[in-house]
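Notes to accompany the following structure.
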Amino acid sequence: MNVYDKTHELARAIKESEEYKEYKEIKKIVYEDLRLKDKVDEFEKIRYEEQLLAIQGEKQDEEKMKKLQELYEILVKEPEVKNFFDKQVRFNVMIADVNKIIGEAIKDVL
């Protein structure tokens, strides 16, 4: 068994999955609307910054967290954006599960 061949097979399976296809399609729809794209990008930027602080063990900025919540509440009122976030979560869960399975298989050497 060639690990690289299996990895390419896994990559193809991911690209053929409903999670991938649905997320890719809704992302295209949302990002074609520049107004929505800008709002989603702003939300993602703040969320990323706050996740970094959490990973580094630093205190999260309460003002940014409040802004993040406000942005989220505004964004999910847009059906396409709500669908985008839902599909994003489904895709990320699938990828996290794949990573967990791989991690479990090699944990004895890590």
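Labeling convention for the structure tokens: chains A, B, ... as they appear, residues from 1 per chain, ligands from 1 in order of appearance.
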Practice problem: For region 11-15 of chain A, please output as a ChimeraX atom specification all residues within 12 Å (counting only C-alpha atoms; exclusion window: fewer than 4 positions along the same chain). | Solution: /A:4-7,19-24,91-92,94-95,97-98
Got a sec: who's within 12 Å of region 28-35 of chain A, counting only C-alpha atoms, leaving out chain neighbours fewer than 3 positions off, as a PDB file with N, CA and C atoms, in the first residue's frame?
ATOM      1  N   LYS A  21     -18.791  19.958  -1.531  1.00  0.00           N
ATOM      2  CA  LYS A  21     -19.511  20.538  -2.660  1.00  0.00           C
ATOM      3  C   LYS A  21     -20.489  21.624  -2.213  1.00  0.00           C
ATOM      4  N   GLU A  22     -21.238  21.350  -1.142  1.00  0.00           N
ATOM      5  CA  GLU A  22     -22.216  22.325  -0.662  1.00  0.00           C
ATOM      6  C   GLU A  22     -21.531  23.577  -0.115  1.00  0.00           C
ATOM      7  N   TYR A  23     -20.441  23.383   0.620  1.00  0.00           N
ATOM      8  CA  TYR A  23     -19.714  24.525   1.172  1.00  0.00           C
ATOM      9  C   TYR A  23     -19.112  25.362   0.047  1.00  0.00           C
ATOM     10  N   LYS A  24     -18.519  24.709  -0.934  1.00  0.00           N
ATOM     11  CA  LYS A  24     -17.909  25.422  -2.058  1.00  0.00           C
ATOM     12  C   LYS A  24     -18.956  26.248  -2.803  1.00  0.00           C
ATOM     13  N   GLU A  25     -20.131  25.663  -3.032  1.00  0.00           N
ATOM     14  CA  GLU A  25     -21.194  26.345  -3.776  1.00  0.00           C
ATOM     15  C   GLU A  25     -21.724  27.564  -3.017  1.00  0.00           C
ATOM     16  N   ASP A  38     -17.553  41.315   2.221  1.00  0.00           N
ATOM     17  CA  ASP A  38     -16.840  42.212   3.125  1.00  0.00           C
ATOM     18  C   ASP A  38     -17.236  41.981   4.582  1.00  0.00           C
ATOM     19  N   LYS A  39     -18.534  41.778   4.824  1.00  0.00           N
ATOM     20  CA  LYS A  39     -19.000  41.531   6.194  1.00  0.00           C
ATOM     21  C   LYS A  39     -18.487  40.194   6.734  1.00  0.00           C
ATOM     22  N   VAL A  40     -18.541  39.170   5.884  1.00  0.00           N
ATOM     23  CA  VAL A  40     -18.057  37.845   6.293  1.00  0.00           C
ATOM     24  C   VAL A  40     -16.551  37.912   6.545  1.00  0.00           C
ATOM     25  N   ASP A  41     -15.817  38.587   5.668  1.00  0.00           N
ATOM     26  CA  ASP A  41     -14.364  38.721   5.846  1.00  0.00           C
ATOM     27  C   ASP A  41     -14.023  39.442   7.145  1.00  0.00           C
ATOM     28  N   GLU A  42     -14.774  40.488   7.464  1.00  0.00           N
ATOM     29  CA  GLU A  42     -14.539  41.216   8.719  1.00  0.00           C
ATOM     30  C   GLU A  42     -14.802  40.298   9.913  1.00  0.00           C
ATOM     31  N   LEU A  75     -25.221  39.093  10.409  1.00  0.00           N
ATOM     32  CA  LEU A  75     -24.939  38.219   9.260  1.00  0.00           C
ATOM     33  C   LEU A  75     -25.936  37.073   9.112  1.00  0.00           C
ATOM     34  N   GLU A  78     -29.124  37.186   7.033  1.00  0.00           N
ATOM     35  CA  GLU A  78     -29.037  36.954   5.585  1.00  0.00           C
ATOM     36  C   GLU A  78     -29.080  35.446   5.351  1.00  0.00           C
ATOM     37  N   PRO A  79     -30.112  34.941   4.676  1.00  0.00           N
ATOM     38  CA  PRO A  79     -30.235  33.479   4.493  1.00  0.00           C
ATOM     39  C   PRO A  79     -28.993  32.829   3.876  1.00  0.00           C
ATOM     40  N   GLU A  80     -28.376  33.497   2.901  1.00  0.00           N
ATOM     41  CA  GLU A  80     -27.198  32.912   2.254  1.00  0.00           C
ATOM     42  C   GLU A  80     -26.033  32.801   3.234  1.00  0.00           C
ATOM     43  N   VAL A  81     -25.878  33.804   4.087  1.00  0.00           N
ATOM     44  CA  VAL A  81     -24.771  33.790   5.042  1.00  0.00           C
ATOM     45  C   VAL A  81     -25.021  32.746   6.127  1.00  0.00           C
ATOM     46  N   LYS A  82     -26.252  32.646   6.589  1.00  0.00           N
ATOM     47  CA  LYS A  82     -26.565  31.612   7.578  1.00  0.00           C
ATOM     48  C   LYS A  82     -26.262  30.239   6.998  1.00  0.00           C
ATOM     49  N   ASN A  83     -26.679  30.023   5.758  1.00  0.00           N
ATOM     50  CA  ASN A  83     -26.402  28.760   5.073  1.00  0.00           C
ATOM     51  C   ASN A  83     -24.892  28.552   4.930  1.00  0.00           C
ATOM     52  N   PHE A  84     -24.169  29.618   4.601  1.00  0.00           N
ATOM     53  CA  PHE A  84     -22.705  29.567   4.486  1.00  0.00           C
ATOM     54  C   PHE A  84     -22.081  29.100   5.799  1.00  0.00           C
ATOM     55  N   PHE A  85     -22.489  29.718   6.915  1.00  0.00           N
ATOM     56  CA  PHE A  85     -21.936  29.329   8.212  1.00  0.00           C
ATOM     57  C   PHE A  85     -22.284  27.879   8.551  1.00  0.00           C
ATOM     58  N   LYS A  87     -22.897  25.394   6.429  1.00  0.00           N
ATOM     59  CA  LYS A  87     -22.109  24.503   5.569  1.00  0.00           C
ATOM     60  C   LYS A  87     -20.632  24.524   5.965  1.00  0.00           C
TER      61      LYS A  87
END
Exercise. Mind giving me the straight-line distance from CA of Lys64 (chain A) to CA of Arg90 (chain A) in Å, one decimal?
Key: 25.4 Å
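Take CA of Ala96 (chain A) and CA of Asp61 (chain A): the distance between them is 26.6 Å.
Residue nearest Leu68 (chain A), chosen from A:Val93, A:Leu36, A:Ile46, A:Ala105 and counting only C-alpha atoms: A:Ile46.
Checking A:Val3, A:Gln69, A:Glu9, A:Glu44 one by one against Gln88 (chain A), counting only C-alpha atoms, you find the shortest gap at A:Glu44.
Rounded to one decimal, CA of Gly57 (chain A) and CA of Lys45 (chain A) lie 18.6 Å from each other.
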I need the residues of chain A that end up classed as alpha helix (DSSP H) by DSSP on the backbone, written out as a short mmCIF file (atom, residue, chain, number, x, y, z; two decimals) with N, CA, C and O atoms, in the first residue's frame.
data_model
loop_
_atom_site.label_atom_id
_atom_site.label_comp_id
_atom_site.auth_asym_id
_atom_site.auth_seq_id
_atom_site.Cartn_x
_atom_site.Cartn_y
_atom_site.Cartn_z
N VAL A 3 1.23 5.07 0.73
CA VAL A 3 0.57 6.11 1.53
C VAL A 3 0.19 7.31 0.66
O VAL A 3 -0.88 7.90 0.82
N TYR A 4 1.04 7.68 -0.27
CA TYR A 4 0.77 8.84 -1.12
C TYR A 4 -0.44 8.59 -2.03
O TYR A 4 -1.27 9.49 -2.24
N ASP A 5 -0.56 7.38 -2.54
CA ASP A 5 -1.72 7.06 -3.36
C ASP A 5 -3.00 7.14 -2.54
O ASP A 5 -4.02 7.67 -2.99
N LYS A 6 -2.95 6.62 -1.32
CA LYS A 6 -4.13 6.67 -0.44
C LYS A 6 -4.46 8.11 -0.05
O LYS A 6 -5.63 8.47 0.07
N THR A 7 -3.43 8.94 0.11
CA THR A 7 -3.65 10.34 0.44
C THR A 7 -4.36 11.05 -0.70
O THR A 7 -5.30 11.83 -0.49
N HIS A 8 -3.94 10.78 -1.92
CA HIS A 8 -4.61 11.37 -3.09
C HIS A 8 -6.04 10.84 -3.20
O HIS A 8 -6.96 11.59 -3.57
N GLU A 9 -6.24 9.60 -2.86
CA GLU A 9 -7.58 9.02 -2.86
C GLU A 9 -8.47 9.72 -1.82
O GLU A 9 -9.63 10.04 -2.09
N LEU A 10 -7.91 9.97 -0.65
CA LEU A 10 -8.64 10.70 0.39
C LEU A 10 -8.98 12.12 -0.08
O LEU A 10 -10.10 12.60 0.09
N ALA A 11 -8.02 12.78 -0.71
CA ALA A 11 -8.25 14.14 -1.22
C ALA A 11 -9.40 14.14 -2.23
O ALA A 11 -10.27 15.03 -2.20
N ARG A 12 -9.42 13.16 -3.11
CA ARG A 12 -10.51 13.06 -4.09
C ARG A 12 -11.84 12.80 -3.39
O ARG A 12 -12.87 13.39 -3.76
N ALA A 13 -11.83 11.95 -2.39
CA ALA A 13 -13.06 11.64 -1.64
C ALA A 13 -13.59 12.89 -0.94
O ALA A 13 -14.81 13.12 -0.92
N ILE A 14 -12.70 13.67 -0.39
CA ILE A 14 -13.13 14.92 0.26
C ILE A 14 -13.76 15.85 -0.76
O ILE A 14 -14.85 16.41 -0.53
N LYS A 15 -13.12 16.00 -1.91
CA LYS A 15 -13.66 16.90 -2.95
C LYS A 15 -14.98 16.40 -3.52
O LYS A 15 -15.77 17.18 -4.05
N GLU A 16 -15.24 15.11 -3.43
CA GLU A 16 -16.49 14.54 -3.92
C GLU A 16 -17.57 14.50 -2.84
O GLU A 16 -18.73 14.17 -3.14
N GLU A 18 -20.42 15.60 -0.10
CA GLU A 18 -21.49 16.61 -0.08
C GLU A 18 -21.06 17.83 0.74
O GLU A 18 -21.36 18.96 0.36
N GLU A 19 -20.36 17.59 1.84
CA GLU A 19 -19.92 18.70 2.69
C GLU A 19 -19.06 19.68 1.89
O GLU A 19 -19.25 20.89 1.98
N TYR A 20 -18.12 19.15 1.14
CA TYR A 20 -17.23 19.98 0.33
C TYR A 20 -17.99 20.71 -0.76
O TYR A 20 -17.88 21.93 -0.94
N LYS A 21 -18.79 19.96 -1.53
CA LYS A 21 -19.51 20.54 -2.66
C LYS A 21 -20.49 21.62 -2.21
O LYS A 21 -20.56 22.70 -2.83
N GLU A 22 -21.24 21.35 -1.14
CA GLU A 22 -22.22 22.33 -0.66
C GLU A 22 -21.53 23.58 -0.12
O GLU A 22 -21.98 24.70 -0.36
N TYR A 23 -20.44 23.38 0.62
CA TYR A 23 -19.71 24.52 1.17
C TYR A 23 -19.11 25.36 0.05
O TYR A 23 -19.21 26.60 0.05
N LYS A 24 -18.52 24.71 -0.93
CA LYS A 24 -17.91 25.42 -2.06
C LYS A 24 -18.96 26.25 -2.80
O LYS A 24 -18.72 27.40 -3.16
N GLU A 25 -20.13 25.66 -3.03
CA GLU A 25 -21.19 26.35 -3.78
C GLU A 25 -21.72 27.56 -3.02
O GLU A 25 -21.85 28.64 -3.58
N ILE A 26 -22.02 27.40 -1.72
CA ILE A 26 -22.57 28.54 -0.97
C ILE A 26 -21.50 29.60 -0.77
O ILE A 26 -21.80 30.79 -0.75
N LYS A 27 -20.25 29.21 -0.64
CA LYS A 27 -19.17 30.19 -0.51
C LYS A 27 -19.08 31.04 -1.77
O LYS A 27 -18.92 32.26 -1.70
N LYS A 28 -19.22 30.40 -2.92
CA LYS A 28 -19.20 31.13 -4.19
C LYS A 28 -20.34 32.15 -4.24
O LYS A 28 -20.13 33.30 -4.62
N ILE A 29 -21.52 31.73 -3.83
CA ILE A 29 -22.68 32.62 -3.84
C ILE A 29 -22.46 33.81 -2.92
O ILE A 29 -22.69 34.96 -3.30
N VAL A 30 -22.01 33.56 -1.70
CA VAL A 30 -21.80 34.63 -0.73
C VAL A 30 -20.69 35.57 -1.19
O VAL A 30 -20.83 36.79 -1.11
N TYR A 31 -19.60 35.02 -1.69
CA TYR A 31 -18.46 35.86 -2.06
C TYR A 31 -18.67 36.63 -3.36
O TYR A 31 -17.92 37.56 -3.64
N GLU A 32 -19.69 36.27 -4.14
CA GLU A 32 -20.00 37.06 -5.33
C GLU A 32 -20.70 38.36 -4.97
O GLU A 32 -20.68 39.32 -5.73
N LEU A 34 -20.35 41.38 -3.00
CA LEU A 34 -19.25 42.07 -2.32
C LEU A 34 -19.66 42.62 -0.96
O LEU A 34 -18.85 42.65 -0.03
N ARG A 35 -20.91 43.03 -0.82
CA ARG A 35 -21.39 43.53 0.48
C ARG A 35 -21.32 42.42 1.52
O ARG A 35 -20.81 42.62 2.62
N LEU A 36 -21.81 41.24 1.15
CA LEU A 36 -21.76 40.10 2.08
C LEU A 36 -20.34 39.63 2.30
O LEU A 36 -19.96 39.32 3.43
N LYS A 37 -19.57 39.58 1.22
CA LYS A 37 -18.18 39.13 1.33
C LYS A 37 -17.40 40.00 2.32
O LYS A 37 -16.68 39.48 3.16
N ASP A 38 -17.55 41.32 2.22
CA ASP A 38 -16.84 42.21 3.13
C ASP A 38 -17.24 41.98 4.58
O ASP A 38 -16.38 41.97 5.47
N LYS A 39 -18.53 41.78 4.82
CA LYS A 39 -19.00 41.53 6.19
C LYS A 39 -18.49 40.19 6.73
O LYS A 39 -18.06 40.10 7.88
N VAL A 40 -18.54 39.17 5.88
CA VAL A 40 -18.06 37.85 6.29
C VAL A 40 -16.55 37.91 6.55
O VAL A 40 -16.06 37.36 7.54
N ASP A 41 -15.82 38.59 5.67
CA ASP A 41 -14.36 38.72 5.85
C ASP A 41 -14.02 39.44 7.15
O ASP A 41 -13.10 39.04 7.86
N GLU A 42 -14.77 40.49 7.46
CA GLU A 42 -14.54 41.22 8.72
C GLU A 42 -14.80 40.30 9.91
O GLU A 42 -14.02 40.24 10.86
N PHE A 43 -15.89 39.55 9.86
CA PHE A 43 -16.23 38.60 10.92
C PHE A 43 -15.13 37.56 11.08
O PHE A 43 -14.67 37.29 12.20
N GLU A 44 -14.69 36.98 9.96
CA GLU A 44 -13.66 35.94 9.99
C GLU A 44 -12.33 36.48 10.55
O GLU A 44 -11.64 35.78 11.28
N LYS A 45 -12.00 37.70 10.20
CA LYS A 45 -10.75 38.31 10.68
C LYS A 45 -10.78 38.47 12.21
O LYS A 45 -9.83 38.09 12.90
N ILE A 46 -11.88 39.00 12.72
CA ILE A 46 -12.00 39.19 14.17
C ILE A 46 -12.02 37.83 14.87
O ILE A 46 -11.36 37.64 15.90
N ARG A 47 -12.76 36.88 14.32
CA ARG A 47 -12.83 35.55 14.93
C ARG A 47 -11.44 34.90 14.98
O ARG A 47 -11.05 34.31 15.98
N TYR A 48 -10.69 35.03 13.89
CA TYR A 48 -9.34 34.46 13.83
C TYR A 48 -8.44 35.10 14.89
O TYR A 48 -7.71 34.40 15.61
N GLU A 49 -8.50 36.42 15.02
CA GLU A 49 -7.68 37.12 16.01
C GLU A 49 -8.01 36.66 17.42
O GLU A 49 -7.11 36.44 18.25
N GLU A 50 -9.29 36.47 17.70
CA GLU A 50 -9.70 36.02 19.03
C GLU A 50 -9.33 34.57 19.27
O GLU A 50 -8.96 34.20 20.39
N GLN A 51 -9.38 33.74 18.25
CA GLN A 51 -8.96 32.35 18.40
C GLN A 51 -7.47 32.27 18.69
O GLN A 51 -7.03 31.45 19.50
N LEU A 52 -6.68 33.13 18.05
CA LEU A 52 -5.24 33.16 18.32
C LEU A 52 -4.96 33.52 19.77
O LEU A 52 -4.10 32.91 20.42
N LEU A 53 -5.67 34.52 20.27
CA LEU A 53 -5.49 34.91 21.67
C LEU A 53 -5.82 33.73 22.59
O LEU A 53 -5.09 33.48 23.55
N ALA A 54 -6.90 33.04 22.29
CA ALA A 54 -7.31 31.91 23.13
C ALA A 54 -6.26 30.80 23.09
O ALA A 54 -5.91 30.22 24.13
N ILE A 55 -5.73 30.52 21.91
CA ILE A 55 -4.71 29.47 21.76
C ILE A 55 -3.45 29.85 22.53
O ILE A 55 -2.80 29.01 23.14
N GLU A 62 -12.82 41.86 25.23
CA GLU A 62 -14.27 41.85 25.41
C GLU A 62 -14.97 42.70 24.35
O GLU A 62 -16.05 42.34 23.88
N GLU A 63 -14.35 43.81 23.98
CA GLU A 63 -14.95 44.68 22.98
C GLU A 63 -15.02 43.97 21.62
O GLU A 63 -16.03 44.05 20.92
N LYS A 64 -13.95 43.26 21.27
CA LYS A 64 -13.95 42.53 20.01
C LYS A 64 -14.95 41.37 20.06
O LYS A 64 -15.60 41.07 19.06
N MET A 65 -15.05 40.72 21.20
CA MET A 65 -16.00 39.62 21.33
C MET A 65 -17.44 40.14 21.17
O MET A 65 -18.27 39.48 20.53
N LYS A 66 -17.72 41.31 21.71
CA LYS A 66 -19.04 41.92 21.58
C LYS A 66 -19.29 42.25 20.11
O LYS A 66 -20.37 41.98 19.58
N LYS A 67 -18.30 42.82 19.45
CA LYS A 67 -18.42 43.17 18.03
C LYS A 67 -18.65 41.90 17.20
O LYS A 67 -19.46 41.88 16.27
N LEU A 68 -17.94 40.84 17.55
CA LEU A 68 -18.08 39.56 16.87
C LEU A 68 -19.51 39.04 16.99
O LEU A 68 -20.11 38.61 16.00
N GLN A 69 -20.06 39.11 18.19
CA GLN A 69 -21.44 38.66 18.41
C GLN A 69 -22.43 39.51 17.63
O GLN A 69 -23.36 38.99 17.01
N GLU A 70 -22.21 40.83 17.64
CA GLU A 70 -23.10 41.73 16.90
C GLU A 70 -23.04 41.45 15.40
O GLU A 70 -24.08 41.40 14.73
N LEU A 71 -21.83 41.26 14.88
CA LEU A 71 -21.66 40.95 13.46
C LEU A 71 -22.36 39.64 13.10
O LEU A 71 -23.03 39.55 12.08
N TYR A 72 -22.19 38.65 13.96
CA TYR A 72 -22.81 37.35 13.72
C TYR A 72 -24.33 37.49 13.65
O TYR A 72 -24.97 36.96 12.75
N GLU A 73 -24.90 38.22 14.60
CA GLU A 73 -26.36 38.40 14.64
C GLU A 73 -26.86 39.11 13.38
O GLU A 73 -27.94 38.77 12.87
N ILE A 74 -26.09 40.06 12.88
CA ILE A 74 -26.46 40.75 11.64
C ILE A 74 -26.33 39.80 10.45
O ILE A 74 -27.22 39.72 9.60
N LEU A 75 -25.22 39.09 10.41
CA LEU A 75 -24.94 38.22 9.26
C LEU A 75 -25.94 37.07 9.11
O LEU A 75 -26.35 36.75 8.00
N PRO A 79 -30.11 34.94 4.68
CA PRO A 79 -30.23 33.48 4.49
C PRO A 79 -28.99 32.83 3.88
O PRO A 79 -28.60 31.74 4.30
N GLU A 80 -28.38 33.50 2.90
CA GLU A 80 -27.20 32.91 2.25
C GLU A 80 -26.03 32.80 3.23
O GLU A 80 -25.29 31.82 3.21
N VAL A 81 -25.88 33.80 4.09
CA VAL A 81 -24.77 33.79 5.04
C VAL A 81 -25.02 32.75 6.13
O VAL A 81 -24.10 32.02 6.52
N LYS A 82 -26.25 32.65 6.59
CA LYS A 82 -26.56 31.61 7.58
C LYS A 82 -26.26 30.24 7.00
O LYS A 82 -25.64 29.40 7.65
N ASN A 83 -26.68 30.02 5.76
CA ASN A 83 -26.40 28.76 5.07
C ASN A 83 -24.89 28.55 4.93
O ASN A 83 -24.39 27.45 5.13
N PHE A 84 -24.17 29.62 4.60
CA PHE A 84 -22.71 29.57 4.49
C PHE A 84 -22.08 29.10 5.80
O PHE A 84 -21.25 28.19 5.81
N PHE A 85 -22.49 29.72 6.91
CA PHE A 85 -21.94 29.33 8.21
C PHE A 85 -22.28 27.88 8.55
O PHE A 85 -21.45 27.14 9.07
N ASP A 86 -23.51 27.47 8.25
CA ASP A 86 -23.92 26.09 8.53
C ASP A 86 -23.08 25.10 7.72
O ASP A 86 -22.60 24.09 8.26
N LYS A 87 -22.90 25.39 6.43
CA LYS A 87 -22.11 24.50 5.57
C LYS A 87 -20.63 24.52 5.96
O LYS A 87 -19.95 23.50 5.89
N GLN A 88 -20.16 25.67 6.40
CA GLN A 88 -18.77 25.80 6.85
C GLN A 88 -18.53 24.90 8.07
O GLN A 88 -17.52 24.19 8.15
N VAL A 89 -19.46 24.91 8.99
CA VAL A 89 -19.35 24.08 10.19
C VAL A 89 -19.35 22.60 9.81
O VAL A 89 -18.50 21.83 10.28
N ARG A 90 -20.27 22.18 8.94
CA ARG A 90 -20.33 20.78 8.51
C ARG A 90 -19.01 20.34 7.87
O ARG A 90 -18.50 19.25 8.16
N PHE A 91 -18.47 21.20 7.00
CA PHE A 91 -17.21 20.88 6.33
C PHE A 91 -16.07 20.79 7.35
O PHE A 91 -15.28 19.85 7.33
N ASN A 92 -15.99 21.76 8.25
CA ASN A 92 -14.92 21.77 9.25
C ASN A 92 -15.01 20.58 10.20
O ASN A 92 -13.97 20.06 10.62
N VAL A 93 -16.21 20.16 10.53
CA VAL A 93 -16.38 18.97 11.38
C VAL A 93 -15.84 17.73 10.66
O VAL A 93 -15.13 16.92 11.25
N MET A 94 -16.16 17.62 9.36
CA MET A 94 -15.66 16.48 8.59
C MET A 94 -14.13 16.47 8.58
O MET A 94 -13.50 15.43 8.83
N ILE A 95 -13.51 17.62 8.31
CA ILE A 95 -12.05 17.71 8.26
C ILE A 95 -11.45 17.41 9.63
O ILE A 95 -10.44 16.71 9.74
N ALA A 96 -12.07 17.92 10.69
CA ALA A 96 -11.59 17.64 12.05
C ALA A 96 -11.67 16.14 12.35
O ALA A 96 -10.76 15.58 12.97
N ASP A 97 -12.75 15.50 11.91
CA ASP A 97 -12.89 14.05 12.12
C ASP A 97 -11.79 13.28 11.39
O ASP A 97 -11.22 12.34 11.94
N VAL A 98 -11.50 13.69 10.15
CA VAL A 98 -10.44 13.04 9.38
C VAL A 98 -9.10 13.21 10.10
O VAL A 98 -8.34 12.25 10.26
N ASN A 99 -8.84 14.43 10.56
CA ASN A 99 -7.59 14.68 11.29
C ASN A 99 -7.50 13.86 12.57
O ASN A 99 -6.44 13.34 12.93
N LYS A 100 -8.63 13.71 13.25
CA LYS A 100 -8.66 12.92 14.49
C LYS A 100 -8.35 11.45 14.20
O LYS A 100 -7.58 10.82 14.93
N ILE A 101 -8.94 10.93 13.14
CA ILE A 101 -8.70 9.53 12.77
C ILE A 101 -7.23 9.31 12.45
O ILE A 101 -6.61 8.34 12.92
N ILE A 102 -6.65 10.21 11.69
CA ILE A 102 -5.22 10.10 11.37
C ILE A 102 -4.37 10.22 12.63
O ILE A 102 -3.44 9.46 12.85
N GLY A 103 -4.72 11.20 13.46
CA GLY A 103 -3.98 11.40 14.71
C GLY A 103 -4.02 10.18 15.62
O GLY A 103 -3.01 9.80 16.21
N GLU A 104 -5.19 9.56 15.71
CA GLU A 104 -5.33 8.36 16.54
C GLU A 104 -4.46 7.22 16.00
O GLU A 104 -3.89 6.45 16.77
N ALA A 105 -4.37 7.13 14.68
CA ALA A 105 -3.60 6.04 14.06
C ALA A 105 -2.10 6.18 14.32
O ALA A 105 -1.39 5.17 14.33
N ILE A 106 -1.62 7.40 14.55
CA ILE A 106 -0.17 7.59 14.71
C ILE A 106 0.23 8.10 16.09
O ILE A 106 1.38 8.43 16.31
#
